[in-house]
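This is run-v5.tsv (TSV, C-alpha atoms).
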```tsv
chain	number	residue	atom	x	y	z
R	1	MET	CA	39.05	-24.03	-4.77
R	2	VAL	CA	35.84	-26.03	-4.95
R	3	GLU	CA	32.69	-24.11	-4.09
R	4	GLU	CA	30.02	-26.18	-2.46
R	5	TYR	CA	26.45	-25.70	-3.60
R	6	ILE	CA	24.69	-27.62	-0.86
R	7	LEU	CA	22.07	-26.16	1.45
R	8	VAL	CA	24.29	-24.72	4.14
R	9	SER	CA	22.53	-21.57	5.34
R	10	PRO	CA	18.81	-21.12	6.05
R	11	PHE	CA	18.66	-18.29	3.54
R	12	GLU	CA	19.22	-20.69	0.64
R	13	LEU	CA	16.42	-22.85	1.99
R	14	VAL	CA	14.16	-19.77	2.05
R	15	LEU	CA	15.16	-19.03	-1.54
R	16	PHE	CA	14.13	-22.49	-2.73
R	17	ILE	CA	10.85	-22.40	-0.82
R	18	VAL	CA	9.91	-19.03	-2.32
R	19	LEU	CA	10.74	-20.34	-5.79
R	20	PHE	CA	8.57	-23.41	-5.07
R	21	THR	CA	5.57	-21.26	-4.11
R	22	SER	CA	5.97	-19.24	-7.29
R	23	ILE	CA	6.07	-22.45	-9.32
R	24	ILE	CA	2.77	-23.49	-7.70
R	25	LEU	CA	1.23	-20.18	-8.81
R	26	ILE	CA	1.91	-20.95	-12.49
R	27	TYR	CA	-1.26	-23.08	-12.29
R	28	ARG	CA	-3.26	-19.87	-11.79
R	29	VAL	CA	-1.47	-18.17	-14.69
R	30	ILE	CA	-2.18	-21.01	-17.14
R	31	PHE	CA	-5.64	-22.24	-16.11
R	32	GLY	CA	-7.16	-19.01	-14.75
R	33	PRO	CA	-10.80	-18.70	-15.83
R	34	THR	CA	-10.57	-15.01	-16.70
R	35	THR	CA	-7.78	-12.64	-17.66
R	36	PRO	CA	-7.66	-10.71	-14.30
R	37	ASP	CA	-6.94	-14.03	-12.58
R	38	ARG	CA	-3.88	-14.44	-14.76
R	39	ILE	CA	-2.78	-10.89	-13.94
R	40	VAL	CA	-3.12	-11.62	-10.20
R	41	GLY	CA	-0.91	-14.70	-10.49
R	42	PHE	CA	1.64	-12.87	-12.62
R	43	ASN	CA	1.86	-9.94	-10.20
R	44	THR	CA	2.32	-12.26	-7.21
R	45	ILE	CA	5.11	-14.16	-8.98
R	46	SER	CA	6.89	-10.89	-9.78
R	47	THR	CA	6.84	-9.78	-6.14
R	48	LYS	CA	8.29	-13.14	-5.09
R	49	ILE	CA	11.04	-12.79	-7.72
R	50	THR	CA	11.88	-9.40	-6.19
R	51	VAL	CA	12.39	-11.09	-2.82
R	52	VAL	CA	14.54	-13.79	-4.47
R	53	ILE	CA	16.78	-11.12	-6.03
R	54	ALA	CA	17.19	-9.45	-2.63
R	55	ILE	CA	18.20	-12.78	-1.03
R	56	LEU	CA	20.73	-13.37	-3.84
R	57	ALA	CA	22.17	-9.89	-3.24
R	58	PHE	CA	22.75	-10.87	0.39
R	59	LEU	CA	24.19	-14.32	-0.38
R	60	LYS	CA	26.61	-13.24	-3.12
R	61	ASN	CA	27.54	-9.89	-1.47
R	62	GLU	CA	26.63	-8.00	-4.64
R	63	HIS	CA	24.83	-4.91	-3.41
R	64	VAL	CA	24.06	-3.66	-6.93
R	65	LEU	CA	21.34	-6.29	-7.12
R	66	ILE	CA	19.18	-4.42	-4.59
R	67	ASP	CA	18.86	-1.51	-7.01
R	68	LEU	CA	17.87	-4.05	-9.65
R	69	ALA	CA	15.15	-5.37	-7.33
R	70	ILE	CA	13.78	-1.84	-6.78
R	71	VAL	CA	13.66	-1.19	-10.54
R	72	LEU	CA	11.95	-4.56	-11.18
R	73	LEU	CA	9.29	-3.76	-8.56
R	74	MET	CA	8.52	-0.39	-10.14
R	75	VAL	CA	8.37	-1.73	-13.72
R	76	ASN	CA	6.10	-4.57	-12.57
R	77	ALA	CA	3.72	-2.10	-10.90
R	78	LEU	CA	3.65	0.02	-14.06
R	79	GLY	CA	2.82	-2.97	-16.25
R	80	SER	CA	0.01	-4.12	-13.97
R	81	LEU	CA	-1.46	-0.59	-13.87
R	82	ILE	CA	-1.46	-0.39	-17.68
R	83	LEU	CA	-3.22	-3.77	-17.96
R	84	ALA	CA	-5.80	-2.74	-15.34
R	85	LYS	CA	-6.53	0.48	-17.24
R	86	HIS	CA	-6.97	-1.64	-20.35
R	87	PHE	CA	-9.67	-3.74	-18.66
R	88	GLU	CA	-11.82	-0.74	-17.82
R	89	ARG	CA	-12.97	-0.43	-21.41
R	90	GLY	CA	-14.78	-3.77	-21.15
R	91	ASP	CA	-12.54	-5.82	-23.38
R	92	THR	CA	-11.42	-8.88	-21.43
R	93	ARG	CA	-9.27	-10.53	-24.05
S	94	MET	CA	18.26	-15.50	16.73
S	95	ILE	CA	15.26	-13.26	16.13
S	96	GLU	CA	16.00	-13.00	12.41
S	97	TYR	CA	15.35	-16.73	11.94
S	98	LEU	CA	11.98	-16.18	13.60
S	99	PHE	CA	11.23	-13.50	11.00
S	100	LEU	CA	12.34	-15.90	8.24
S	101	LEU	CA	10.02	-18.63	9.52
S	102	LEU	CA	7.12	-16.16	9.66
S	103	GLY	CA	7.88	-15.06	6.10
S	104	ILE	CA	7.86	-18.62	4.78
S	105	ILE	CA	4.56	-19.42	6.49
S	106	LEU	CA	2.93	-16.26	5.12
S	107	MET	CA	4.23	-16.88	1.58
S	108	ILE	CA	2.87	-20.45	1.56
S	109	SER	CA	-0.50	-19.34	2.96
S	110	GLY	CA	-0.73	-16.65	0.26
S	111	SER	CA	-0.14	-19.19	-2.49
S	112	LEU	CA	-2.71	-21.51	-0.92
S	113	GLY	CA	-5.24	-18.69	-0.84
S	114	VAL	CA	-4.63	-17.74	-4.48
S	115	LEU	CA	-5.16	-21.36	-5.47
S	116	ARG	CA	-8.28	-22.06	-3.40
S	117	PHE	CA	-10.43	-18.91	-3.32
S	118	PRO	CA	-13.42	-18.80	-5.71
S	119	ASP	CA	-13.21	-15.46	-7.59
S	120	VAL	CA	-10.88	-12.58	-8.49
S	121	TYR	CA	-11.56	-10.32	-5.53
S	122	THR	CA	-10.98	-12.93	-2.83
S	123	ARG	CA	-7.85	-14.05	-4.66
S	124	LEU	CA	-6.67	-10.44	-4.54
S	125	HIS	CA	-7.15	-10.50	-0.75
S	126	ALA	CA	-4.79	-13.47	-0.41
S	127	SER	CA	-2.28	-12.14	-2.93
S	128	THR	CA	-1.95	-8.61	-1.56
S	129	LYS	CA	-1.89	-9.18	2.19
S	130	CYS	CA	0.18	-12.33	2.42
S	131	ASP	CA	2.66	-11.22	-0.22
S	132	THR	CA	3.22	-7.88	1.46
S	133	GLY	CA	3.61	-9.39	4.93
S	134	GLY	CA	5.90	-12.23	3.85
S	135	ALA	CA	8.15	-10.06	1.70
S	136	MET	CA	8.45	-7.42	4.43
S	137	SER	CA	9.38	-9.92	7.14
S	138	ILE	CA	11.99	-11.65	4.92
S	139	LEU	CA	13.53	-8.28	3.99
S	140	ILE	CA	13.63	-7.17	7.64
S	141	ALA	CA	15.45	-10.41	8.49
S	142	LEU	CA	17.94	-9.75	5.66
S	143	ALA	CA	18.57	-6.22	6.93
S	144	MET	CA	19.20	-7.58	10.44
S	145	VAL	CA	21.64	-10.31	9.47
S	146	SER	CA	23.54	-8.45	6.74
S	147	GLU	CA	27.09	-7.31	7.50
S	148	ALA	CA	27.13	-4.51	4.93
S	149	PRO	CA	27.61	-0.84	5.89
S	150	MET	CA	24.67	1.08	7.30
S	151	LEU	CA	23.55	2.82	4.11
S	152	ILE	CA	23.20	-0.51	2.32
S	153	LYS	CA	21.22	-2.04	5.16
S	154	VAL	CA	18.76	0.83	4.84
S	155	LYS	CA	18.22	-0.13	1.19
S	156	PHE	CA	16.54	-3.38	2.24
S	157	LEU	CA	14.15	-1.37	4.40
S	158	ILE	CA	13.49	1.02	1.50
S	159	LEU	CA	12.61	-2.01	-0.65
S	160	ALA	CA	10.20	-3.24	2.05
S	161	PHE	CA	8.62	0.22	2.29
S	162	LEU	CA	8.15	0.40	-1.50
S	163	ILE	CA	6.52	-3.04	-1.53
S	164	ALA	CA	4.11	-1.93	1.20
S	165	MET	CA	3.26	1.22	-0.77
S	166	ILE	CA	2.96	-0.25	-4.29
S	167	ASN	CA	1.20	-3.59	-3.68
S	168	PRO	CA	-2.20	-2.26	-2.38
S	169	MET	CA	-2.29	0.28	-5.20
S	170	VAL	CA	-1.92	-2.43	-7.86
S	171	ALA	CA	-4.57	-4.59	-6.14
S	172	HIS	CA	-6.99	-1.66	-6.09
S	173	ALA	CA	-6.41	-0.99	-9.80
S	174	ILE	CA	-6.91	-4.65	-10.79
S	175	ALA	CA	-10.11	-4.96	-8.73
S	176	ARG	CA	-11.59	-1.80	-10.24
S	177	GLY	CA	-10.70	-2.84	-13.78
S	178	ALA	CA	-12.13	-6.34	-13.25
S	179	HIS	CA	-15.41	-4.96	-11.90
S	180	LYS	CA	-15.76	-2.47	-14.76
S	181	SER	CA	-15.09	-5.17	-17.35
S	182	GLY	CA	-18.15	-7.05	-16.09
S	183	ILE	CA	-16.92	-9.80	-13.78
S	184	LYS	CA	-19.53	-10.47	-11.10
S	185	PRO	CA	-18.28	-11.01	-7.54
S	186	GLU	CA	-19.23	-14.07	-5.53
S	187	GLY	CA	-22.07	-13.42	-3.08
S	188	VAL	CA	-25.30	-11.48	-3.04
S	189	ILE	CA	-24.46	-8.02	-1.71
S	190	ASP	CA	-23.00	-5.70	-4.35
S	191	VAL	CA	-23.55	-2.00	-3.58
S	192	TYR	CA	-21.03	-0.93	-6.21
S	193	ALA	CA	-23.09	-2.40	-9.07
S	194	ARG	CA	-26.33	-1.06	-7.52
S	195	ASP	CA	-24.99	2.49	-7.52
S	196	GLY	CA	-24.49	2.33	-11.25
S	197	PHE	CA	-20.73	2.15	-11.73
P	198	MET	CA	-28.20	39.13	11.32
P	199	SER	CA	-31.36	39.69	13.30
P	200	ARG	CA	-33.45	40.51	10.25
P	201	ILE	CA	-32.77	37.22	8.53
P	202	PRO	CA	-35.55	34.68	9.09
P	203	HIS	CA	-34.77	31.65	11.08
P	204	TYR	CA	-35.22	29.15	8.30
P	205	LEU	CA	-32.64	30.90	6.18
P	206	LYS	CA	-30.01	31.10	8.89
P	207	GLU	CA	-29.08	27.45	8.85
P	208	ARG	CA	-28.92	27.47	5.07
P	209	ILE	CA	-26.52	30.45	5.07
P	210	GLU	CA	-24.30	28.83	7.66
P	211	GLU	CA	-24.13	25.69	5.58
P	212	ILE	CA	-23.20	27.67	2.45
P	213	ASN	CA	-20.50	29.55	4.38
P	214	LYS	CA	-19.02	26.33	5.65
P	215	ARG	CA	-19.00	24.86	2.17
P	216	ALA	CA	-17.35	27.97	0.71
P	217	LEU	CA	-14.65	27.69	3.37
P	218	LEU	CA	-14.08	24.10	2.33
P	219	TYR	CA	-13.97	25.02	-1.33
P	220	ASN	CA	-11.06	27.41	-1.03
P	221	TYR	CA	-9.07	25.44	1.49
P	222	GLU	CA	-5.99	26.51	-0.41
P	223	VAL	CA	-5.96	29.50	1.95
P	224	HIS	CA	-5.21	27.18	4.83
P	225	THR	CA	-2.44	25.19	3.19
P	226	LEU	CA	1.24	25.85	3.82
P	227	PRO	CA	3.01	28.88	2.27
P	228	LYS	CA	5.23	28.29	-0.73
P	229	TRP	CA	8.69	28.36	0.87
P	230	GLU	CA	7.70	25.78	3.47
P	231	LYS	CA	6.46	23.47	0.72
P	232	VAL	CA	9.77	23.86	-1.14
P	233	ILE	CA	11.82	23.15	1.99
P	234	ILE	CA	9.82	20.07	3.00
P	235	THR	CA	10.10	18.61	-0.51
P	236	TRP	CA	13.83	19.43	-0.59
P	237	ILE	CA	14.59	17.65	2.70
P	238	ALA	CA	12.61	14.55	1.68
P	239	LEU	CA	14.40	14.37	-1.69
P	240	ILE	CA	17.85	14.80	-0.09
P	241	ILE	CA	17.19	11.90	2.28
P	242	PHE	CA	16.03	9.74	-0.62
P	243	TRP	CA	19.14	10.68	-2.66
P	244	MET	CA	21.48	9.78	0.21
P	245	ILE	CA	19.86	6.37	0.67
P	246	VAL	CA	19.69	5.43	-3.00
P	247	SER	CA	23.22	6.58	-3.93
P	248	ALA	CA	24.66	5.06	-0.69
P	249	SER	CA	27.86	7.07	-0.37
P	250	ILE	CA	28.85	9.92	1.94
P	251	GLU	CA	31.57	11.65	-0.09
P	252	TRP	CA	31.20	15.42	-0.23
P	253	GLN	CA	31.06	15.65	-4.04
P	254	ASN	CA	28.09	13.30	-4.09
P	255	ILE	CA	26.23	15.26	-1.41
P	256	LEU	CA	26.94	18.58	-3.20
P	257	VAL	CA	25.57	17.34	-6.53
P	258	GLY	CA	22.55	15.85	-4.77
P	259	THR	CA	21.79	19.11	-2.95
P	260	ILE	CA	21.86	21.19	-6.13
P	261	VAL	CA	19.82	18.77	-8.22
P	262	THR	CA	17.18	18.17	-5.55
P	263	PHE	CA	16.81	21.93	-5.03
P	264	LEU	CA	16.06	22.39	-8.73
P	265	VAL	CA	13.59	19.48	-8.68
P	266	SER	CA	11.84	20.78	-5.56
P	267	LEU	CA	11.43	24.23	-7.16
P	268	LEU	CA	9.51	22.54	-9.96
P	269	MET	CA	7.50	19.93	-8.05
P	270	TYR	CA	6.80	21.52	-4.64
P	271	ASP	CA	3.04	21.22	-5.11
P	272	MET	CA	2.89	17.49	-5.58
P	273	PHE	CA	3.22	16.00	-2.09
P	274	THR	CA	2.69	18.91	0.27
P	275	ASN	CA	-0.47	20.54	-1.05
P	276	ASP	CA	-2.77	18.58	1.23
P	277	ILE	CA	-1.02	19.11	4.56
P	278	ARG	CA	-3.18	20.93	7.10
P	279	ARG	CA	-1.76	24.20	8.44
P	280	LYS	CA	-2.16	24.40	12.19
P	281	GLY	CA	0.13	25.86	14.83
P	282	ASN	CA	3.86	26.41	14.68
P	283	VAL	CA	5.76	24.80	11.82
P	284	ILE	CA	8.75	23.39	13.75
P	285	VAL	CA	6.65	21.96	16.57
P	286	LYS	CA	4.37	20.34	14.04
P	287	ALA	CA	7.26	18.84	12.04
P	288	LEU	CA	8.82	17.39	15.21
P	289	ARG	CA	5.47	16.01	16.30
P	290	ILE	CA	4.90	14.36	12.90
P	291	THR	CA	8.38	12.85	12.86
P	292	PHE	CA	8.59	11.54	16.40
P	293	LEU	CA	4.96	10.89	17.37
P	294	TYR	CA	2.64	10.32	14.44
P	295	ILE	CA	4.79	8.18	12.11
P	296	PRO	CA	5.99	5.67	14.80
P	297	GLN	CA	2.38	5.45	16.01
P	298	TYR	CA	1.23	4.62	12.47
P	299	ILE	CA	3.96	2.01	11.94
P	300	PHE	CA	3.14	0.39	15.28
P	301	ILE	CA	-0.58	0.21	14.49
P	302	MET	CA	-0.12	-1.06	10.93
P	303	ALA	CA	2.42	-3.77	11.81
P	304	PHE	CA	0.01	-5.52	14.15
P	305	ARG	CA	-2.98	-5.06	11.81
P	306	LEU	CA	-0.92	-6.56	8.94
P	307	LEU	CA	0.07	-9.61	11.01
P	308	GLU	CA	-3.55	-10.12	12.10
P	309	SER	CA	-4.80	-9.87	8.51
P	310	ASN	CA	-2.22	-12.41	7.30
P	311	LEU	CA	-3.27	-14.94	9.92
P	312	LYS	CA	-6.92	-14.29	9.05
P	313	VAL	CA	-6.24	-15.04	5.36
P	314	LEU	CA	-4.53	-18.28	6.41
P	315	LYS	CA	-7.61	-19.23	8.45
P	316	HIS	CA	-9.98	-18.44	5.58
P	317	ALA	CA	-7.82	-20.34	3.09
P	318	ILE	CA	-7.88	-23.48	5.21
P	319	LEU	CA	-11.47	-23.45	6.45
P	320	MET	CA	-13.17	-21.64	3.48
P	321	ASP	CA	-15.81	-19.97	5.70
P	322	ILE	CA	-16.25	-16.86	3.55
P	323	ASN	CA	-19.27	-14.63	2.89
P	324	PRO	CA	-18.03	-11.94	0.49
P	325	GLY	CA	-19.74	-8.77	-0.70
P	326	ILE	CA	-19.18	-5.11	-1.57
P	327	ILE	CA	-20.38	-2.39	0.80
P	328	LYS	CA	-20.11	1.40	1.03
P	329	ILE	CA	-18.68	3.48	3.88
P	330	ASP	CA	-18.28	7.22	4.48
P	331	SER	CA	-15.19	9.25	5.18
P	332	ASP	CA	-14.51	12.82	6.27
P	333	LEU	CA	-11.25	13.26	4.38
P	334	HIS	CA	-11.42	15.07	1.06
P	335	SER	CA	-7.86	15.50	-0.16
P	336	HIS	CA	-6.13	13.30	-2.70
P	337	THR	CA	-3.22	12.26	-0.49
P	338	GLY	CA	-5.26	11.59	2.63
P	339	LEU	CA	-7.85	9.52	0.79
P	340	THR	CA	-5.13	7.52	-0.99
P	341	ILE	CA	-3.35	6.68	2.27
P	342	LEU	CA	-6.66	5.74	3.90
P	343	ALA	CA	-7.57	3.42	0.99
P	344	ASN	CA	-4.16	1.74	1.00
P	345	SER	CA	-4.30	1.24	4.78
P	346	ILE	CA	-7.79	-0.27	4.50
P	347	THR	CA	-6.45	-2.72	1.93
P	348	LEU	CA	-3.81	-3.92	4.41
P	349	THR	CA	-6.16	-4.25	7.40
P	350	PRO	CA	-7.89	-7.59	8.06
P	351	GLY	CA	-10.52	-8.79	5.64
P	352	THR	CA	-11.09	-5.69	3.52
P	353	LEU	CA	-10.05	-4.47	0.05
P	354	THR	CA	-10.85	-1.04	-1.36
P	355	ILE	CA	-12.36	-1.12	-4.85
P	356	ASP	CA	-13.19	2.52	-5.64
P	357	THR	CA	-13.28	5.94	-4.01
P	358	VAL	CA	-15.60	8.85	-4.74
P	359	ARG	CA	-14.09	12.16	-3.68
P	360	GLN	CA	-16.47	14.95	-2.63
P	361	LEU	CA	-15.95	17.98	-0.48
P	362	ASP	CA	-18.34	17.31	2.36
P	363	GLU	CA	-18.35	13.53	2.40
P	364	SER	CA	-16.24	11.04	0.47
P	365	LYS	CA	-17.34	7.47	-0.11
P	366	LEU	CA	-15.31	4.30	-0.27
P	367	TYR	CA	-16.48	1.02	-1.82
P	368	VAL	CA	-14.99	-1.85	0.15
P	369	HIS	CA	-14.94	-5.56	-0.66
P	370	TRP	CA	-15.36	-7.37	2.64
P	371	ILE	CA	-14.51	-11.06	2.76
P	372	ASP	CA	-16.76	-11.86	5.74
P	373	ILE	CA	-19.61	-9.36	6.09
P	374	GLU	CA	-20.61	-8.57	9.67
P	375	THR	CA	-23.01	-5.64	9.22
P	376	LEU	CA	-24.60	-3.57	6.45
P	377	ASP	CA	-25.01	-0.32	8.40
P	378	ARG	CA	-22.73	2.41	7.02
P	379	THR	CA	-21.60	4.06	10.24
P	380	LYS	CA	-21.15	0.79	12.13
P	381	ALA	CA	-19.21	-0.77	9.25
P	382	GLY	CA	-17.11	2.38	9.02
P	383	GLN	CA	-16.21	2.13	12.69
P	384	ILE	CA	-15.22	-1.52	12.31
P	385	ILE	CA	-13.22	-1.05	9.09
P	386	LYS	CA	-11.47	2.28	9.67
P	387	GLY	CA	-10.71	1.93	13.36
P	388	GLY	CA	-8.49	4.73	14.57
P	389	LEU	CA	-6.88	5.39	11.20
P	390	GLU	CA	-9.11	8.27	10.15
P	391	GLU	CA	-8.59	10.27	13.34
P	392	TRP	CA	-4.87	9.72	12.89
P	393	LEU	CA	-4.94	10.96	9.29
P	394	LYS	CA	-7.05	14.01	10.14
P	395	ASN	CA	-4.18	15.32	12.28
P	396	ILE	CA	-2.02	15.77	9.19
P	397	PHE	CA	-4.09	15.86	6.01
P	398	TRP	CA	-7.34	17.51	4.96
```
Rewrite the coordinates I just gave you, this time as C-alpha cells.
Amino acid sequence: MVEEYILVSPFELVLFIVLFTSIILIYRVIFGPTTPDRIVGFNTISTKITVVIAILAFLKNEHVLIDLAIVLLMVNALGSLILAKHFERGDTR
Amino acid sequence: MIEYLFLLLGIILMISGSLGVLRFPDVYTRLHASTKCDTGGAMSILIALAMVSEAPMLIKVKFLILAFLIAMINPMVAHAIARGAHKSGIKPEGVIDVYARDGF
Amino acid sequence: MSRIPHYLKERIEEINKRALLYNYEVHTLPKWEKVIITWIALIIFWMIVSASIEWQNILVGTIVTFLVSLLMYDMFTNDIRRKGNVIVKALRITFLYIPQYIFIMAFRLLESNLKVLKHAILMDINPGIIKIDSDLHSHTGLTILANSITLTPGTLTIDTVRQLDESKLYVHWIDIETLDRTKAGQIIKGGLEEWLKNIFW
C-alpha cells in the first residue's frame, strides 16, 4: 500500500527539469530592468506550467487536467494581451 | 523509443530558451528566445506524451490540440508585447531602426 | 478606347485594377458555403473537446454549432479566395496544402531553435528593425504570415501595415544580413507567401 515517490520514469525527470528552468526565470521577473522584461519572464513561466500540468495529467491518469491546461493557456494569453495594450499608452509603470 | 528522443529534444530546447532569456541584452532579443524555444520545447514534449499515452484516441488528440494552440497563441503574444514595448519608448539594441524612423 | 490618349491609358488601367481590389467581396465565397465550412470546423472542434462519441452528445453538438455558424459565418471564411470547383479545392486544401505547411514549418522551427541556442552561447548578435513588403491584403492571410515569420529562424514581427496594393511588415532581425527590401523579403518569407496566396487574398 506504500506509493513510492522516487524518480522511476523519465517523465518525472522531465517534470523536475522544466520546473527548474522556470525557477531560473524568476531572476528575470524580479530583477528585470523594465516592465516588459518582467512580462516576458512571466509569460514564459506560464507556458512551462502548462506543460507541467499536461505531464501530470499523463502521470496520474486524470484526463480532466488537459482541459485545465487549455484554459490556463488561454487565460494567460488574455492577460498578456491586456498588459501589452496597457503599455501602448506610454506608461511603463 | 522515438518518444524519448522527443523528450530529450524538448529538455534541450527548454534549457536553451531559459539561457537565452537570461543572457540576451534587451526586450526584443529576449522575446526571440522566449517565443521560439518555448514553442518548440512544449510542442515536442506534448507530441511525446501523445505517443506514449495509453488513453483512448480522442484523449490523445487533446494533447495535439494543446500543442496546436500553443503554436498559435505564443507568436501572437510576443508580437503584442514587442509592439507595446516599442510604443512605450524602449529603444532596441543596435543602430538600424526603420520602425522609429517611419514615425510610429 | 482608341480616342483616349496614351498617357491616360495606363492610369485608367491602374484605377480599374484598384477598384477590382476594393470590392473583392464579389470574389469571396457565397453565403451557404461559408456557413457549411464554419459548421464542419466547429463540429470537429466539439468532438475533440468533449471527447465522447455517444449519439446524444453528437446531436446536441450538431444543433448548437449550426446555430453558432449561422451567427458567425463571416469571421473565418471571409478571406478565402474563390477559384475553381468547391469540392476539388476543399480536398486540395485538406490533403495537399496543410500537410505541406506543417512539413515546412516543423523543419523551420527546429532550425530556429538551434539558431537561438547558438546565439545564446556565442552572443554574436547584430540586431535591428527592417521593413519588408507583402502582396497579401486580407486580415487572416496577413496574420498567418506574421505568425509564421515569428517562428522562422532569427526574425520577429513587430507591426503590420495593411494596404490594398502593398502591405508592409516591420521585422526585428537578430542578425541583419541585408538592408534591401526585396532581397530581405526573399530571405525572410521564403516560400510561405506563395503558399498563402493559394488560399487567402
Do me a favour and pick out the residues of chain R within 12 Å of chain P, using all atoms listed in the file, as an mmCIF file with C-alpha atoms, keeping the file's coordinate frame.
```
data_model
loop_
_atom_site.group_PDB
_atom_site.id
_atom_site.type_symbol
_atom_site.label_atom_id
_atom_site.label_comp_id
_atom_site.auth_asym_id
_atom_site.auth_seq_id
_atom_site.Cartn_x
_atom_site.Cartn_y
_atom_site.Cartn_z
ATOM 1 C CA HIS R 63 24.830 -4.910 -3.410
ATOM 2 C CA VAL R 64 24.060 -3.660 -6.930
ATOM 3 C CA ILE R 66 19.180 -4.420 -4.590
ATOM 4 C CA ASP R 67 18.860 -1.510 -7.010
ATOM 5 C CA LEU R 68 17.870 -4.050 -9.650
ATOM 6 C CA ILE R 70 13.780 -1.840 -6.780
ATOM 7 C CA VAL R 71 13.660 -1.190 -10.540
#
```
### Message
Could you tell me which residues of chain S sit within 8 Å of chain P when counting all atoms listed in the file, and give me the result as number ranges by chain?
### Response
S: 106, 109-110, 112-113, 116-117, 121-122, 125-126, 128-130, 133, 151-152, 154-155, 165, 168-169, 172-173, 175-176, 185-192
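Nearest to chain S of all the residues R:Ser9, R:Glu62, R:Pro36, R:Leu72 is R:Pro36, based on all atoms listed in the file.
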### Task
Find the residue from P:Leu393, P:Ile299, P:Val232, P:Leu319 that sits nearest to Ala164 of chain S; use all atoms listed in the file when measuring.
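Closest residue, counting all atoms listed in the file: P:Ile299.
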Would you give me, as a tab-separated table, each residue of chain R having an atom within 8 Å of an atom of chain S, along with its shortest atom pair and that distance in Å to one decimal, using only C-alpha atoms and sorting by chain and residue number?
```
residue	atom	partner	partner_atom	distance
R:Val14	CA	S:Ile104	CA	7.0
R:Ile17	CA	S:Ile104	CA	7.4
R:Val18	CA	S:Met107	CA	7.2
R:Thr21	CA	S:Ser111	CA	6.3
R:Ser22	CA	S:Ser111	CA	7.8
R:Ile24	CA	S:Ser111	CA	7.4
R:Leu25	CA	S:Ser111	CA	6.5
R:Arg28	CA	S:Leu115	CA	6.8
R:Pro36	CA	S:Ala178	CA	6.3
R:Asp37	CA	S:Val120	CA	5.9
R:Val40	CA	S:Leu124	CA	6.8
R:Gly41	CA	S:Val114	CA	7.7
R:Thr44	CA	S:Ser127	CA	6.3
R:Thr47	CA	S:Asp131	CA	7.4
R:Lys48	CA	S:Ala135	CA	7.5
R:Val51	CA	S:Ala135	CA	6.3
R:Ala54	CA	S:Leu139	CA	7.7
R:Ile55	CA	S:Leu142	CA	7.3
R:Phe58	CA	S:Ser146	CA	6.8
R:His63	CA	S:Ile152	CA	7.4
R:Ile66	CA	S:Lys155	CA	7.3
R:Ala69	CA	S:Leu159	CA	7.9
R:Ile70	CA	S:Leu159	CA	6.2
R:Leu73	CA	S:Ile163	CA	7.6
R:Ala77	CA	S:Val170	CA	6.4
R:Ser80	CA	S:Val170	CA	6.6
R:Leu81	CA	S:Val170	CA	6.3
R:Ala84	CA	S:Ile174	CA	5.1
R:Lys85	CA	S:Gly177	CA	6.4
R:His86	CA	S:Gly177	CA	7.6
R:Phe87	CA	S:Gly177	CA	5.1
R:Glu88	CA	S:Gly177	CA	4.7
R:Arg89	CA	S:Ser181	CA	6.6
R:Gly90	CA	S:Ser181	CA	4.1
R:Asp91	CA	S:Ser181	CA	6.6
R:Thr92	CA	S:Ser181	CA	6.6
```
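In this structure, atom CA of Lys228 of chain P sits 8.6 Å away from atom CA of Asp271 of chain P.
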### Message
Calculated over all atoms listed in the file, which of the candidates P:Glu363, P:Tyr294, P:Asp332, P:Tyr270 has the smallest distance to Pro227 of chain P?
### Response
P:Tyr270
Axis-aligned box for segment 171-189 of chain S, 4 Å per side, centre and edges in Å as JSON:
```
{"center_x": -14.9, "center_y": -7.5, "center_z": -9.5, "size_x": 28.7, "size_y": 21.1, "size_z": 23.6}
```
#### Entry: From R:Arg38, R:Lys60, R:Ile53, R:Leu65, residue lying nearest Ile26 of chain R [all atoms listed in the file]
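Residue with the minimum atom-to-atom distance to Ile26 of chain R: R:Arg38.
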### Task
Using atom CA of Ile233 of chain P and atom CA of Ile284 of chain P as the two end points, give the distance in Å to one decimal.
12.2 Å
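Distances from R:Ile82, R:Ile23, R:Met74, R:Leu15 to Ile45 of chain R were compared using all atoms listed in the file, and the smallest one belongs to R:Ile23.
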### Query
atom CA of Gln253 of chain P and atom CA of Leu239 of chain P, how far apart in Å?
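Between atom CA of Leu239 of chain P and atom CA of Gln253 of chain P the gap works out to 16.9 Å.
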Take segment 82-90 of chain R, model N, CA and C atoms, and hand the result over as an mmCIF file, in the coordinates of the input.
```cif
data_model
loop_
_atom_site.group_PDB
_atom_site.id
_atom_site.type_symbol
_atom_site.label_atom_id
_atom_site.label_comp_id
_atom_site.auth_asym_id
_atom_site.auth_seq_id
_atom_site.Cartn_x
_atom_site.Cartn_y
_atom_site.Cartn_z
ATOM 1 N N ILE R 82 -1.040 -0.566 -16.290
ATOM 2 C CA ILE R 82 -1.460 -0.390 -17.680
ATOM 3 C C ILE R 82 -2.484 -1.455 -18.065
ATOM 4 N N LEU R 83 -2.256 -2.707 -17.635
ATOM 5 C CA LEU R 83 -3.220 -3.770 -17.960
ATOM 6 C C LEU R 83 -4.564 -3.515 -17.290
ATOM 7 N N ALA R 84 -4.547 -3.010 -16.030
ATOM 8 C CA ALA R 84 -5.800 -2.740 -15.340
ATOM 9 C C ALA R 84 -6.567 -1.611 -15.998
ATOM 10 N N LYS R 85 -5.855 -0.597 -16.496
ATOM 11 C CA LYS R 85 -6.530 0.480 -17.240
ATOM 12 C C LYS R 85 -7.119 -0.056 -18.529
ATOM 13 N N HIS R 86 -6.465 -1.069 -19.110
ATOM 14 C CA HIS R 86 -6.970 -1.640 -20.350
ATOM 15 C C HIS R 86 -8.268 -2.402 -20.129
ATOM 16 N N PHE R 87 -8.430 -3.010 -18.919
ATOM 17 C CA PHE R 87 -9.670 -3.740 -18.660
ATOM 18 C C PHE R 87 -10.876 -2.842 -18.562
ATOM 19 N N GLU R 88 -10.671 -1.585 -18.136
ATOM 20 C CA GLU R 88 -11.820 -0.740 -17.820
ATOM 21 C C GLU R 88 -12.671 -0.452 -19.027
ATOM 22 N N ARG R 89 -12.158 -0.682 -20.220
ATOM 23 C CA ARG R 89 -12.970 -0.430 -21.410
ATOM 24 C C ARG R 89 -13.913 -1.587 -21.699
ATOM 25 N N GLY R 90 -13.827 -2.684 -20.966
ATOM 26 C CA GLY R 90 -14.780 -3.770 -21.150
ATOM 27 C C GLY R 90 -14.302 -4.863 -22.054
#
```
